[in-house]
file entry12.pdb (PDB, C-alpha atoms)
ATOM      1  CA  MET A   1      37.239 -15.530   9.743
ATOM      2  CA  THR A   2      35.283 -15.241   6.502
ATOM      3  CA  ILE A   3      34.862 -11.660   5.248
ATOM      4  CA  LEU A   4      31.893 -10.966   2.974
ATOM      5  CA  ASN A   5      30.950  -7.893   0.961
ATOM      6  CA  ALA A   6      27.339  -6.827   1.496
ATOM      7  CA  ARG A   7      27.039  -6.063  -2.243
ATOM      8  CA  ASN A   8      27.477  -9.759  -3.039
ATOM      9  CA  LEU A   9      24.918 -11.154  -0.590
ATOM     10  CA  SER A  10      21.682 -12.681  -1.855
ATOM     11  CA  LEU A  11      18.358 -12.108  -0.127
ATOM     12  CA  LYS A  12      18.346 -15.759   0.946
ATOM     13  CA  GLU A  13      21.743 -15.317   2.605
ATOM     14  CA  VAL A  14      20.612 -12.159   4.404
ATOM     15  CA  HIS A  15      17.542 -14.001   5.719
ATOM     16  CA  ARG A  16      19.753 -16.812   7.018
ATOM     17  CA  LEU A  17      22.506 -14.663   8.508
ATOM     18  CA  PHE A  18      20.292 -12.137  10.294
ATOM     19  CA  GLY A  19      16.994 -13.987  10.680
ATOM     20  CA  PHE A  20      14.951 -11.439   8.715
ATOM     21  CA  GLN A  21      11.365 -12.325   7.888
ATOM     22  CA  LYS A  22       9.532 -10.741   4.955
ATOM     23  CA  GLN A  23       6.002  -9.344   5.065
ATOM     24  CA  TYR A  24       3.943  -7.251   2.659
ATOM     25  CA  SER A  25       1.929  -4.165   3.507
ATOM     26  CA  ASP A  26      -0.563  -2.692   1.058
ATOM     27  CA  SER A  27      -0.818   0.811   2.533
ATOM     28  CA  PHE A  28       1.552   3.568   3.607
ATOM     29  CA  SER A  29      -1.176   4.965   5.872
ATOM     30  CA  HIS A  30      -0.445   2.220   8.423
ATOM     31  CA  TYR A  31       2.877   3.953   9.120
ATOM     32  CA  LEU A  32       2.705   7.526   7.835
ATOM     33  CA  SER A  33       0.339  10.481   7.548
ATOM     34  CA  LEU A  34       0.409  11.600   3.907
ATOM     35  CA  GLU A  35      -0.406  15.234   3.183
ATOM     36  CA  PRO A  36      -1.581  16.683  -0.160
ATOM     37  CA  LEU A  37       1.076  18.296  -2.348
ATOM     38  CA  THR A  38       1.051  22.014  -3.033
ATOM     39  CA  GLU A  39       0.842  23.302  -6.590
ATOM     40  CA  ALA A  40       4.485  24.422  -6.362
ATOM     41  CA  GLU A  41       5.565  20.940  -5.240
ATOM     42  CA  GLN A  42       3.655  19.351  -8.107
ATOM     43  CA  GLN A  43       5.376  21.665 -10.577
ATOM     44  CA  GLU A  44       8.832  20.870  -9.188
ATOM     45  CA  LEU A  45       8.032  17.164  -9.227
ATOM     46  CA  LYS A  46       7.066  17.468 -12.889
ATOM     47  CA  GLN A  47      10.422  19.097 -13.623
ATOM     48  CA  ILE A  48      12.266  16.215 -11.916
ATOM     49  CA  GLN A  49      10.267  13.774 -14.051
ATOM     50  CA  ASN A  50      11.129  15.658 -17.247
ATOM     51  CA  ASP A  51      14.816  15.848 -16.365
ATOM     52  CA  PHE A  52      15.017  12.134 -15.613
ATOM     53  CA  ASP A  53      12.985  11.187 -18.670
ATOM     54  CA  ARG A  54      15.478  13.006 -20.896
ATOM     55  CA  TYR A  55      18.222  10.713 -19.636
ATOM     56  CA  LEU A  56      16.025   7.614 -19.871
ATOM     57  CA  THR A  57      15.391   8.203 -23.565
ATOM     58  CA  THR A  58      19.133   8.052 -24.262
ATOM     59  CA  GLY A  59      19.436   4.573 -22.732
ATOM     60  CA  LYS A  60      20.869   3.367 -19.443
ATOM     61  CA  VAL A  61      21.020   5.890 -16.598
ATOM     62  CA  SER A  62      24.043   5.123 -14.409
ATOM     63  CA  GLU A  63      23.823   4.692 -10.646
ATOM     64  CA  GLY A  64      25.566   8.022 -10.129
ATOM     65  CA  GLN A  65      23.170   9.797 -12.489
ATOM     66  CA  VAL A  66      20.200   8.245 -10.673
ATOM     67  CA  LYS A  67      21.450   9.757  -7.405
ATOM     68  CA  PHE A  68      22.003  13.250  -8.791
ATOM     69  CA  ILE A  69      19.156  13.573 -11.301
ATOM     70  CA  ALA A  70      16.335  11.823  -9.418
ATOM     71  CA  VAL A  71      17.143  10.973  -5.798
ATOM     72  CA  ALA A  72      18.870  14.203  -4.756
ATOM     73  CA  PRO A  73      16.181  16.558  -6.169
ATOM     74  CA  LEU A  74      13.416  14.459  -4.590
ATOM     75  CA  LEU A  75      15.137  14.555  -1.195
ATOM     76  CA  ARG A  76      15.572  18.312  -1.450
ATOM     77  CA  LEU A  77      11.928  18.817  -2.415
ATOM     78  CA  ALA A  78      10.783  16.570   0.460
ATOM     79  CA  GLY A  79      12.751  18.604   2.999
ATOM     80  CA  PHE A  80      15.712  16.324   3.685
ATOM     81  CA  TYR A  81      18.258  19.094   3.134
ATOM     82  CA  ARG A  82      16.913  21.185   6.012
ATOM     83  CA  TYR A  83      17.752  21.019   9.713
ATOM     84  CA  PRO A  84      17.663  18.765  11.694
ATOM     85  CA  ILE A  85      18.462  16.229   8.960
ATOM     86  CA  GLU A  86      21.984  15.569   7.764
ATOM     87  CA  ILE A  87      22.687  13.636   4.563
ATOM     88  CA  VAL A  88      25.590  11.165   4.623
ATOM     89  CA  LEU A  89      26.890   9.804   1.300
ATOM     90  CA  GLU A  90      28.764   6.612   0.432
ATOM     91  CA  GLU A  91      30.099   5.823   3.873
ATOM     92  CA  ASN A  92      31.632   2.535   4.952
ATOM     93  CA  ILE A  93      29.578   0.727   7.541
ATOM     94  CA  ALA A  94      31.351  -0.608  10.592
ATOM     95  CA  ASP A  95      32.069  -4.312  10.337
ATOM     96  CA  ILE A  96      29.021  -6.462  11.072
ATOM     97  CA  GLU A  97      29.874  -9.677  12.878
ATOM     98  CA  VAL A  98      27.324 -12.475  12.577
ATOM     99  CA  GLU A  99      26.446 -14.193  15.823
ATOM    100  CA  ASP A 100      27.312 -17.895  16.055
ATOM    101  CA  GLU A 101      29.208 -17.751  12.753
ATOM    102  CA  ASP A 102      32.801 -16.770  12.028
ATOM    103  CA  ILE A 103      31.680 -14.171   9.485
ATOM    104  CA  LYS A 104      32.298 -10.460   9.161
ATOM    105  CA  ILE A 105      30.435  -8.331   6.613
ATOM    106  CA  LYS A 106      31.758  -5.133   5.087
ATOM    107  CA  GLY A 107      29.936  -2.671   2.874
ATOM    108  CA  ARG A 108      29.268   0.898   1.817
ATOM    109  CA  PHE A 109      25.789   2.423   1.851
ATOM    110  CA  ASP A 110      24.750   4.955  -0.782
ATOM    111  CA  VAL A 111      22.716   7.596   1.050
ATOM    112  CA  LEU A 112      21.744   7.900   4.703
ATOM    113  CA  ALA A 113      19.619  10.635   6.266
ATOM    114  CA  VAL A 114      20.107  11.042  10.015
ATOM    115  CA  SER A 115      18.458  13.400  12.477
ATOM    116  CA  ASN A 116      20.621  15.786  14.476
ATOM    117  CA  ALA A 117      17.626  16.427  16.742
ATOM    118  CA  LYS A 118      17.222  12.805  17.785
ATOM    119  CA  HIS A 119      19.652  10.354  19.340
ATOM    120  CA  THR A 120      18.959   6.689  19.970
ATOM    121  CA  ASN A 121      21.653   6.956  22.624
ATOM    122  CA  PRO A 122      24.176   9.746  23.393
ATOM    123  CA  GLN A 123      26.604   8.554  20.669
ATOM    124  CA  THR A 124      24.210   7.325  17.983
ATOM    125  CA  TYR A 125      22.023   9.374  15.660
ATOM    126  CA  PHE A 126      18.509   8.395  14.654
ATOM    127  CA  TRP A 127      18.435   6.950  11.124
ATOM    128  CA  VAL A 128      15.588   8.616   9.227
ATOM    129  CA  LEU A 129      16.014   6.992   5.799
ATOM    130  CA  LEU A 130      18.567   4.639   4.244
ATOM    131  CA  ILE A 131      18.713   4.592   0.424
ATOM    132  CA  GLU A 132      20.309   2.065  -1.919
ATOM    133  CA  SER A 133      20.367   3.113  -5.583
ATOM    134  CA  LYS A 134      21.026   1.138  -8.768
ATOM    135  CA  ASN A 135      21.253   2.030 -12.440
ATOM    136  CA  SER A 136      18.025   2.359 -14.427
ATOM    137  CA  GLN A 137      18.296  -1.082 -16.044
ATOM    138  CA  ILE A 138      18.632  -3.028 -12.784
ATOM    139  CA  ASP A 139      15.580  -4.315 -10.920
ATOM    140  CA  ILE A 140      15.123  -2.488  -7.617
ATOM    141  CA  SER A 141      14.900  -5.782  -5.702
ATOM    142  CA  THR A 142      18.643  -6.299  -6.218
ATOM    143  CA  GLY A 143      19.316  -3.522  -3.701
ATOM    144  CA  LEU A 144      17.256  -5.141  -0.947
ATOM    145  CA  PRO A 145      19.971  -7.462   0.504
ATOM    146  CA  GLN A 146      22.360  -4.520   0.984
ATOM    147  CA  LEU A 147      19.631  -2.343   2.440
ATOM    148  CA  LEU A 148      18.663  -4.972   5.020
ATOM    149  CA  THR A 149      22.284  -5.685   5.922
ATOM    150  CA  TYR A 150      23.080  -2.039   6.597
ATOM    151  CA  SER A 151      19.820  -1.549   8.512
ATOM    152  CA  TYR A 152      20.547  -4.530  10.732
ATOM    153  CA  LYS A 153      23.623  -2.708  12.017
ATOM    154  CA  ASN A 154      21.455   0.032  13.549
ATOM    155  CA  LEU A 155      18.369  -1.947  14.547
ATOM    156  CA  GLY A 156      19.909  -2.432  17.966
ATOM    157  CA  ASN A 157      19.723   1.335  18.443
ATOM    158  CA  GLN A 158      16.181   2.103  17.247
ATOM    159  CA  LYS A 159      12.921   0.220  16.927
ATOM    160  CA  ALA A 160      12.422   0.718  13.197
ATOM    161  CA  ILE A 161      14.183   2.069  10.103
ATOM    162  CA  TRP A 162      12.816   3.252   6.772
ATOM    163  CA  GLY A 163      14.697   2.035   3.725
ATOM    164  CA  LEU A 164      14.375   2.723   0.008
ATOM    165  CA  THR A 165      15.769   0.958  -3.039
ATOM    166  CA  THR A 166      15.510   2.677  -6.405
ATOM    167  CA  ASN A 167      16.728   2.652  -9.986
ATOM    168  CA  GLY A 168      15.507   6.204 -10.521
ATOM    169  CA  ARG A 169      12.226   5.195 -12.113
ATOM    170  CA  SER A 170      10.906   2.600  -9.615
ATOM    171  CA  TYR A 171      10.929   3.101  -5.833
ATOM    172  CA  GLN A 172      10.528   0.351  -3.225
ATOM    173  CA  PHE A 173      10.059   1.537   0.351
ATOM    174  CA  VAL A 174      10.827  -0.923   3.123
ATOM    175  CA  TYR A 175       9.793  -0.607   6.772
ATOM    176  CA  ILE A 176      12.250  -2.568   8.899
ATOM    177  CA  GLU A 177      11.317  -3.446  12.488
ATOM    178  CA  GLN A 178      13.466  -4.492  15.397
ATOM    179  CA  GLY A 179      12.466  -7.846  16.855
ATOM    180  CA  ASN A 180      13.271 -11.495  17.338
ATOM    181  CA  PRO A 181      13.207 -12.159  14.480
ATOM    182  CA  PRO A 182      13.507  -8.743  12.767
ATOM    183  CA  ILE A 183      10.756  -8.164  10.194
ATOM    184  CA  TYR A 184      10.718  -6.045   7.066
ATOM    185  CA  TYR A 185       7.591  -4.911   5.268
ATOM    186  CA  LEU A 186       7.575  -4.258   1.531
ATOM    187  CA  LEU A 187       5.295  -1.351   0.658
ATOM    188  CA  PRO A 188       3.594  -0.829  -2.736
ATOM    189  CA  GLU A 189       6.088   0.007  -5.471
ATOM    190  CA  LEU A 190       6.001   3.616  -6.665
ATOM    191  CA  ASN A 191       7.085   5.086  -9.991
ATOM    192  CA  LEU A 192       8.541   8.520 -10.732
ATOM    193  CA  MET A 193       7.229   8.512 -14.290
ATOM    194  CA  GLU A 194       3.556   7.905 -13.432
ATOM    195  CA  LYS A 195       1.408  10.839 -12.282
ATOM    196  CA  GLU A 196      -0.427   9.362  -9.284
ATOM    197  CA  ARG A 197       2.381   7.145  -8.032
ATOM    198  CA  SER A 198       4.969   9.908  -8.392
ATOM    199  CA  SER A 199       2.796  12.203  -6.280
ATOM    200  CA  GLN A 200       2.528   9.496  -3.647
ATOM    201  CA  LEU A 201       6.306   9.029  -3.829
ATOM    202  CA  LEU A 202       6.860  12.647  -2.834
ATOM    203  CA  GLN A 203       4.155  12.447  -0.177
ATOM    204  CA  VAL A 204       5.857   9.428   1.399
ATOM    205  CA  LEU A 205       9.273  11.092   1.337
ATOM    206  CA  LYS A 206       7.825  14.200   2.999
ATOM    207  CA  ALA A 207       6.149  12.075   5.698
ATOM    208  CA  VAL A 208       9.329  10.096   6.397
ATOM    209  CA  CYS A 209      11.228  13.374   6.623
ATOM    210  CA  GLN A 210       8.874  14.528   9.365
ATOM    211  CA  LEU A 211      10.002  11.600  11.532
ATOM    212  CA  SER A 212      13.220  13.522  12.148
ATOM    213  CA  VAL A 213      11.571  16.181  14.321
TER     214      VAL A 213
END
call {"tool": "encode", "arguments": {"input": "entry12.pdb", "output": "structure tokens"}}
result
Amino acid sequence: MTILNARNLSLKEVHRLFGFQKQYSDSFSHYLSLEPLTEAEQQELKQIQNDFDRYLTTGKVSEGQVKFIAVAPLLRLAGFYRYPIEIVLEENIADIEVEDEDIKIKGRFDVLAVSNAKHTNPQTYFWVLLIESKNSQIDISTGLPQLLTYSYKNLGNQKAIWGLTTNGRSYQFVYIEQGNPPIYYLLPELNLMEKERSSQLLQVLKAVCQLSV
């Protein structure tokens, strides 16, 4: 049996192995109800921007710094640290065996938010948001193959999964749907360092968070 690491898979390989088809969607409103931000939320968002910008000006922001300086504060502000959501960090996925091929895929996701209030079956939690982060100098598209691979593991348990790839500055949300074939939709890219798109970033995170209840 051939054993592959999800980190080394290309998007073309993921399409072939799992049958994913790519689509584009130009609006978050097809999937989520976005609410206006409060003045307090806008102020906290501005502080996250300033903190991250300070690191950007010094050069490359490592993957670990991206998680702690940008991703973690955004998740907290969006409500992901409150019940019923539980945050899981850097866990190994169970081996994924590819049908009709003697291949097993191993990997480790970065951040997963699950709902303790929802179960897709008695033993499986509902995946609210799966996040794959990279350092600030890497294009966010490089995280997409891993994100799709990890999502595929749980698509048998729920109809759709929200995913996010980020390098701290740019944010690519992905809506992944169960089906034959499974389809993923790339939403408009958002940016933490731009006023309007950073506000929409927080609005989207808040709306995804509400899926947990």
call {"tool": "closest_residue", "arguments": {"input": "entry12.pdb", "among": "A:Ser198, A:Asn92, A:Asn135, A:Asn154", "to": "Ile105 (chain A)", "atoms": "all atoms listed in the file"}}
result
A:Asn92
call {"tool": "residues_around", "arguments": {"input": "entry12.pdb", "residues": "Glu90 (chain A)", "least_positions_apart": "5", "cutoff": "10 Å", "atoms": "all atoms listed in the file", "output": "list in words"}}
result
Gly107, Arg108, Phe109, Asp110, Val111, Leu112 and Glu132 of chain A
call {"tool": "write_last_selection", "arguments": {"input": "entry12.pdb", "atoms": "C-alpha atoms", "output": "CSV table (one decimal), in the coordinates of the input"}}
result
chain,number,residue,atom,x,y,z
A,107,GLY,CA,29.9,-2.7,2.9
A,108,ARG,CA,29.3,0.9,1.8
A,109,PHE,CA,25.8,2.4,1.9
A,110,ASP,CA,24.8,5.0,-0.8
A,111,VAL,CA,22.7,7.6,1.0
A,112,LEU,CA,21.7,7.9,4.7
A,132,GLU,CA,20.3,2.1,-1.9
call {"tool": "resolve_selection", "arguments": {"input": "entry12.pdb", "expression": "the PyMOL selection byres ((chain A and resi 136) around 12)", "output": "PyMOL selection string"}}
result
chain A and resi 52-53+55-67+69-70+133-135+137-140+142+165-171+192
call {"tool": "residues_around", "arguments": {"input": "entry12.pdb", "residues": "Ser199 (chain A)", "least_positions_apart": "2", "cutoff": "8 Å", "atoms": "only C-alpha atoms", "output": "list in words"}}
result
Leu37, Gln42, Leu45, Lys195, Glu196, Arg197, Leu201, Leu202 and Gln203 of chain A
call {"tool": "atom_distance", "arguments": {"input": "entry12.pdb", "atom1": "CA of Leu190 (chain A)", "atom2": "CA of Glu41 (chain A)"}}
result
17.4 Å
call {"tool": "atom_distance", "arguments": {"input": "entry12.pdb", "atom1": "CA of Asp102 (chain A)", "atom2": "CA of Lys159 (chain A)"}}
result
26.6 Å
call {"tool": "resolve_selection", "arguments": {"input": "entry12.pdb", "expression": "the PyMOL selection byres ((chain A and resi 185) around 8)", "output": "list in words"}}
result
Lys22, Gln23, Tyr24, Ser25, Val174, Tyr175, Ile176, Ile183, Tyr184, Leu186 and Leu187 of chain A
call {"tool": "residues_around", "arguments": {"input": "entry12.pdb", "residues": "Arg82 (chain A)", "least_positions_apart": "4", "cutoff": "12 Å", "atoms": "only C-alpha atoms", "output": "list in words"}}
result
Leu75, Arg76, Leu77, Ala78, Glu86, Ile87, Ala113, Val114, Ser115, Asn116, Ala117, Lys206, Cys209, Gln210, Ser212 and Val213 of chain A
call {"tool": "closest_atom_pairs", "arguments": {"input": "entry12.pdb", "of": "region 56-173 of chain A", "to": "region 1-13 of chain A", "cutoff": "9 Å", "atoms": "all atoms listed in the file", "output": "CSV"}}
result
residue,atom,partner,partner_atom,distance
A:Glu101,CA,A:Met1,CA,8.9
A:Asp102,CA,A:Met1,CA,5.1
A:Ile103,CA,A:Thr2,CA,4.8
A:Lys104,CA,A:Ile3,CA,4.8
A:Ile105,CA,A:Leu4,CA,4.7
A:Lys106,CA,A:Asn5,CA,5.0
A:Gly107,CA,A:Ala6,CA,5.1
A:Arg108,CA,A:Ala6,CA,8.0
A:Thr142,CA,A:Ser10,CA,8.3
A:Gly143,CA,A:Arg7,CA,8.3
A:Leu144,CA,A:Leu11,CA,7.1
A:Pro145,CA,A:Leu11,CA,5.0
A:Gln146,CA,A:Ala6,CA,5.5
A:Leu147,CA,A:Ala6,CA,9.0
A:Leu148,CA,A:Leu11,CA,8.8
A:Thr149,CA,A:Ala6,CA,6.8
A:Tyr150,CA,A:Ala6,CA,8.2
call {"tool": "write_last_selection", "arguments": {"input": "entry12.pdb", "atoms": "C-alpha atoms", "output": "mmCIF file, keeping the file's coordinate frame"}}
result
data_model
loop_
_atom_site.group_PDB
_atom_site.id
_atom_site.type_symbol
_atom_site.label_atom_id
_atom_site.label_comp_id
_atom_site.auth_asym_id
_atom_site.auth_seq_id
_atom_site.Cartn_x
_atom_site.Cartn_y
_atom_site.Cartn_z
ATOM 1 C CA GLU A 101 29.208 -17.751 12.753
ATOM 2 C CA ASP A 102 32.801 -16.770 12.028
ATOM 3 C CA ILE A 103 31.680 -14.171 9.485
ATOM 4 C CA LYS A 104 32.298 -10.460 9.161
ATOM 5 C CA ILE A 105 30.435 -8.331 6.613
ATOM 6 C CA LYS A 106 31.758 -5.133 5.087
ATOM 7 C CA GLY A 107 29.936 -2.671 2.874
ATOM 8 C CA ARG A 108 29.268 0.898 1.817
ATOM 9 C CA THR A 142 18.643 -6.299 -6.218
ATOM 10 C CA GLY A 143 19.316 -3.522 -3.701
ATOM 11 C CA LEU A 144 17.256 -5.141 -0.947
ATOM 12 C CA PRO A 145 19.971 -7.462 0.504
ATOM 13 C CA GLN A 146 22.360 -4.520 0.984
ATOM 14 C CA LEU A 147 19.631 -2.343 2.440
ATOM 15 C CA LEU A 148 18.663 -4.972 5.020
ATOM 16 C CA THR A 149 22.284 -5.685 5.922
ATOM 17 C CA TYR A 150 23.080 -2.039 6.597
#
call {"tool": "residues_around", "arguments": {"input": "entry12.pdb", "residues": "region 27-33 of chain A", "least_positions_apart": "5", "cutoff": "8 Å", "atoms": "all atoms listed in the file", "output": "PyMOL selection string"}}
result
chain A and resi 187-188+204+207-208
call {"tool": "atom_distance", "arguments": {"input": "entry12.pdb", "atom1": "CA of Ile131 (chain A)", "atom2": "CA of Val98 (chain A)"}}
result
22.7 Å
call {"tool": "resolve_selection", "arguments": {"input": "entry12.pdb", "expression": "the PyMOL selection byres ((chain A and resi 158) around 12)", "output": "list in words"}}
result
Lys118, His119, Thr120, Asn121, Thr124, Tyr125, Phe126, Trp127, Val128, Ser151, Tyr152, Lys153, Asn154, Leu155, Gly156, Asn157, Lys159, Ala160, Ile161, Trp162, Ile176, Glu177, Gln178 and Gly179 of chain A
call {"tool": "write_last_selection", "arguments": {"input": "entry12.pdb", "atoms": "C-alpha atoms", "output": "mmCIF file, in the frame of the given file"}}
result
data_model
loop_
_atom_site.group_PDB
_atom_site.id
_atom_site.type_symbol
_atom_site.label_atom_id
_atom_site.label_comp_id
_atom_site.auth_asym_id
_atom_site.auth_seq_id
_atom_site.Cartn_x
_atom_site.Cartn_y
_atom_site.Cartn_z
ATOM 1 C CA LYS A 118 17.222 12.805 17.785
ATOM 2 C CA HIS A 119 19.652 10.354 19.340
ATOM 3 C CA THR A 120 18.959 6.689 19.970
ATOM 4 C CA ASN A 121 21.653 6.956 22.624
ATOM 5 C CA THR A 124 24.210 7.325 17.983
ATOM 6 C CA TYR A 125 22.023 9.374 15.660
ATOM 7 C CA PHE A 126 18.509 8.395 14.654
ATOM 8 C CA TRP A 127 18.435 6.950 11.124
ATOM 9 C CA VAL A 128 15.588 8.616 9.227
ATOM 10 C CA SER A 151 19.820 -1.549 8.512
ATOM 11 C CA TYR A 152 20.547 -4.530 10.732
ATOM 12 C CA LYS A 153 23.623 -2.708 12.017
ATOM 13 C CA ASN A 154 21.455 0.032 13.549
ATOM 14 C CA LEU A 155 18.369 -1.947 14.547
ATOM 15 C CA GLY A 156 19.909 -2.432 17.966
ATOM 16 C CA ASN A 157 19.723 1.335 18.443
ATOM 17 C CA LYS A 159 12.921 0.220 16.927
ATOM 18 C CA ALA A 160 12.422 0.718 13.197
ATOM 19 C CA ILE A 161 14.183 2.069 10.103
ATOM 20 C CA TRP A 162 12.816 3.252 6.772
ATOM 21 C CA ILE A 176 12.250 -2.568 8.899
ATOM 22 C CA GLU A 177 11.317 -3.446 12.488
ATOM 23 C CA GLN A 178 13.466 -4.492 15.397
ATOM 24 C CA GLY A 179 12.466 -7.846 16.855
#
call {"tool": "closest_residue", "arguments": {"input": "entry12.pdb", "among": "A:Asn191, A:Leu17, A:Pro182, A:Leu129", "to": "Gly163 (chain A)", "atoms": "all atoms listed in the file"}}
result
A:Leu129
call {"tool": "build_atoms", "arguments": {"input": "entry12.pdb", "residues": "region 36-56 of chain A", "atoms": "N, CA and C atoms", "output": "JSON list (two decimals), in the coordinates of the input"}}
result
[["chain", "number", "residue", "atom", "x", "y", "z"],
["A", 36, "PRO", "N", -1.49, 16.29, 1.25],
["A", 36, "PRO", "CA", -1.58, 16.68, -0.16],
["A", 36, "PRO", "C", -0.39, 17.55, -0.56],
["A", 37, "LEU", "N", -0.01, 17.47, -1.83],
["A", 37, "LEU", "CA", 1.08, 18.30, -2.35],
["A", 37, "LEU", "C", 0.56, 19.68, -2.72],
["A", 38, "THR", "N", 1.40, 20.67, -2.58],
["A", 38, "THR", "CA", 1.05, 22.01, -3.03],
["A", 38, "THR", "C", 1.23, 22.08, -4.55],
["A", 39, "GLU", "N", 0.68, 23.12, -5.14],
["A", 39, "GLU", "CA", 0.84, 23.30, -6.59],
["A", 39, "GLU", "C", 2.31, 23.50, -6.95],
["A", 40, "ALA", "N", 3.06, 24.21, -6.11],
["A", 40, "ALA", "CA", 4.49, 24.42, -6.36],
["A", 40, "ALA", "C", 5.25, 23.10, -6.30],
["A", 41, "GLU", "N", 4.91, 22.25, -5.35],
["A", 41, "GLU", "CA", 5.56, 20.94, -5.24],
["A", 41, "GLU", "C", 5.26, 20.08, -6.45],
["A", 42, "GLN", "N", 4.03, 20.12, -6.92],
["A", 42, "GLN", "CA", 3.66, 19.35, -8.11],
["A", 42, "GLN", "C", 4.43, 19.83, -9.33],
["A", 43, "GLN", "N", 4.63, 21.12, -9.44],
["A", 43, "GLN", "CA", 5.38, 21.66, -10.58],
["A", 43, "GLN", "C", 6.84, 21.24, -10.51],
["A", 44, "GLU", "N", 7.44, 21.30, -9.33],
["A", 44, "GLU", "CA", 8.83, 20.87, -9.19],
["A", 44, "GLU", "C", 8.98, 19.38, -9.44],
["A", 45, "LEU", "N", 8.01, 18.60, -8.98],
["A", 45, "LEU", "CA", 8.03, 17.16, -9.23],
["A", 45, "LEU", "C", 7.98, 16.89, -10.73],
["A", 46, "LYS", "N", 7.16, 17.63, -11.44],
["A", 46, "LYS", "CA", 7.07, 17.47, -12.89],
["A", 46, "LYS", "C", 8.40, 17.78, -13.56],
["A", 47, "GLN", "N", 9.12, 18.76, -13.06],
["A", 47, "GLN", "CA", 10.42, 19.10, -13.62],
["A", 47, "GLN", "C", 11.42, 17.97, -13.39],
["A", 48, "ILE", "N", 11.38, 17.36, -12.20],
["A", 48, "ILE", "CA", 12.27, 16.22, -11.92],
["A", 48, "ILE", "C", 11.95, 15.06, -12.87],
["A", 49, "GLN", "N", 10.67, 14.82, -13.09],
["A", 49, "GLN", "CA", 10.27, 13.77, -14.05],
["A", 49, "GLN", "C", 10.82, 14.06, -15.44],
["A", 50, "ASN", "N", 10.66, 15.29, -15.90],
["A", 50, "ASN", "CA", 11.13, 15.66, -17.25],
["A", 50, "ASN", "C", 12.64, 15.52, -17.37],
["A", 51, "ASP", "N", 13.36, 15.96, -16.34],
["A", 51, "ASP", "CA", 14.82, 15.85, -16.36],
["A", 51, "ASP", "C", 15.26, 14.40, -16.45],
["A", 52, "PHE", "N", 14.62, 13.54, -15.63],
["A", 52, "PHE", "CA", 15.02, 12.13, -15.61],
["A", 52, "PHE", "C", 14.61, 11.44, -16.91],
["A", 53, "ASP", "N", 13.45, 11.80, -17.43],
["A", 53, "ASP", "CA", 12.98, 11.19, -18.67],
["A", 53, "ASP", "C", 13.93, 11.48, -19.83],
["A", 54, "ARG", "N", 14.53, 12.65, -19.83],
["A", 54, "ARG", "CA", 15.48, 13.01, -20.90],
["A", 54, "ARG", "C", 16.67, 12.06, -20.90],
["A", 55, "TYR", "N", 17.11, 11.66, -19.72],
["A", 55, "TYR", "CA", 18.22, 10.71, -19.64],
["A", 55, "TYR", "C", 17.77, 9.29, -19.97],
["A", 56, "LEU", "N", 16.54, 8.95, -19.58],
["A", 56, "LEU", "CA", 16.02, 7.61, -19.87],
["A", 56, "LEU", "C", 15.94, 7.36, -21.38]]
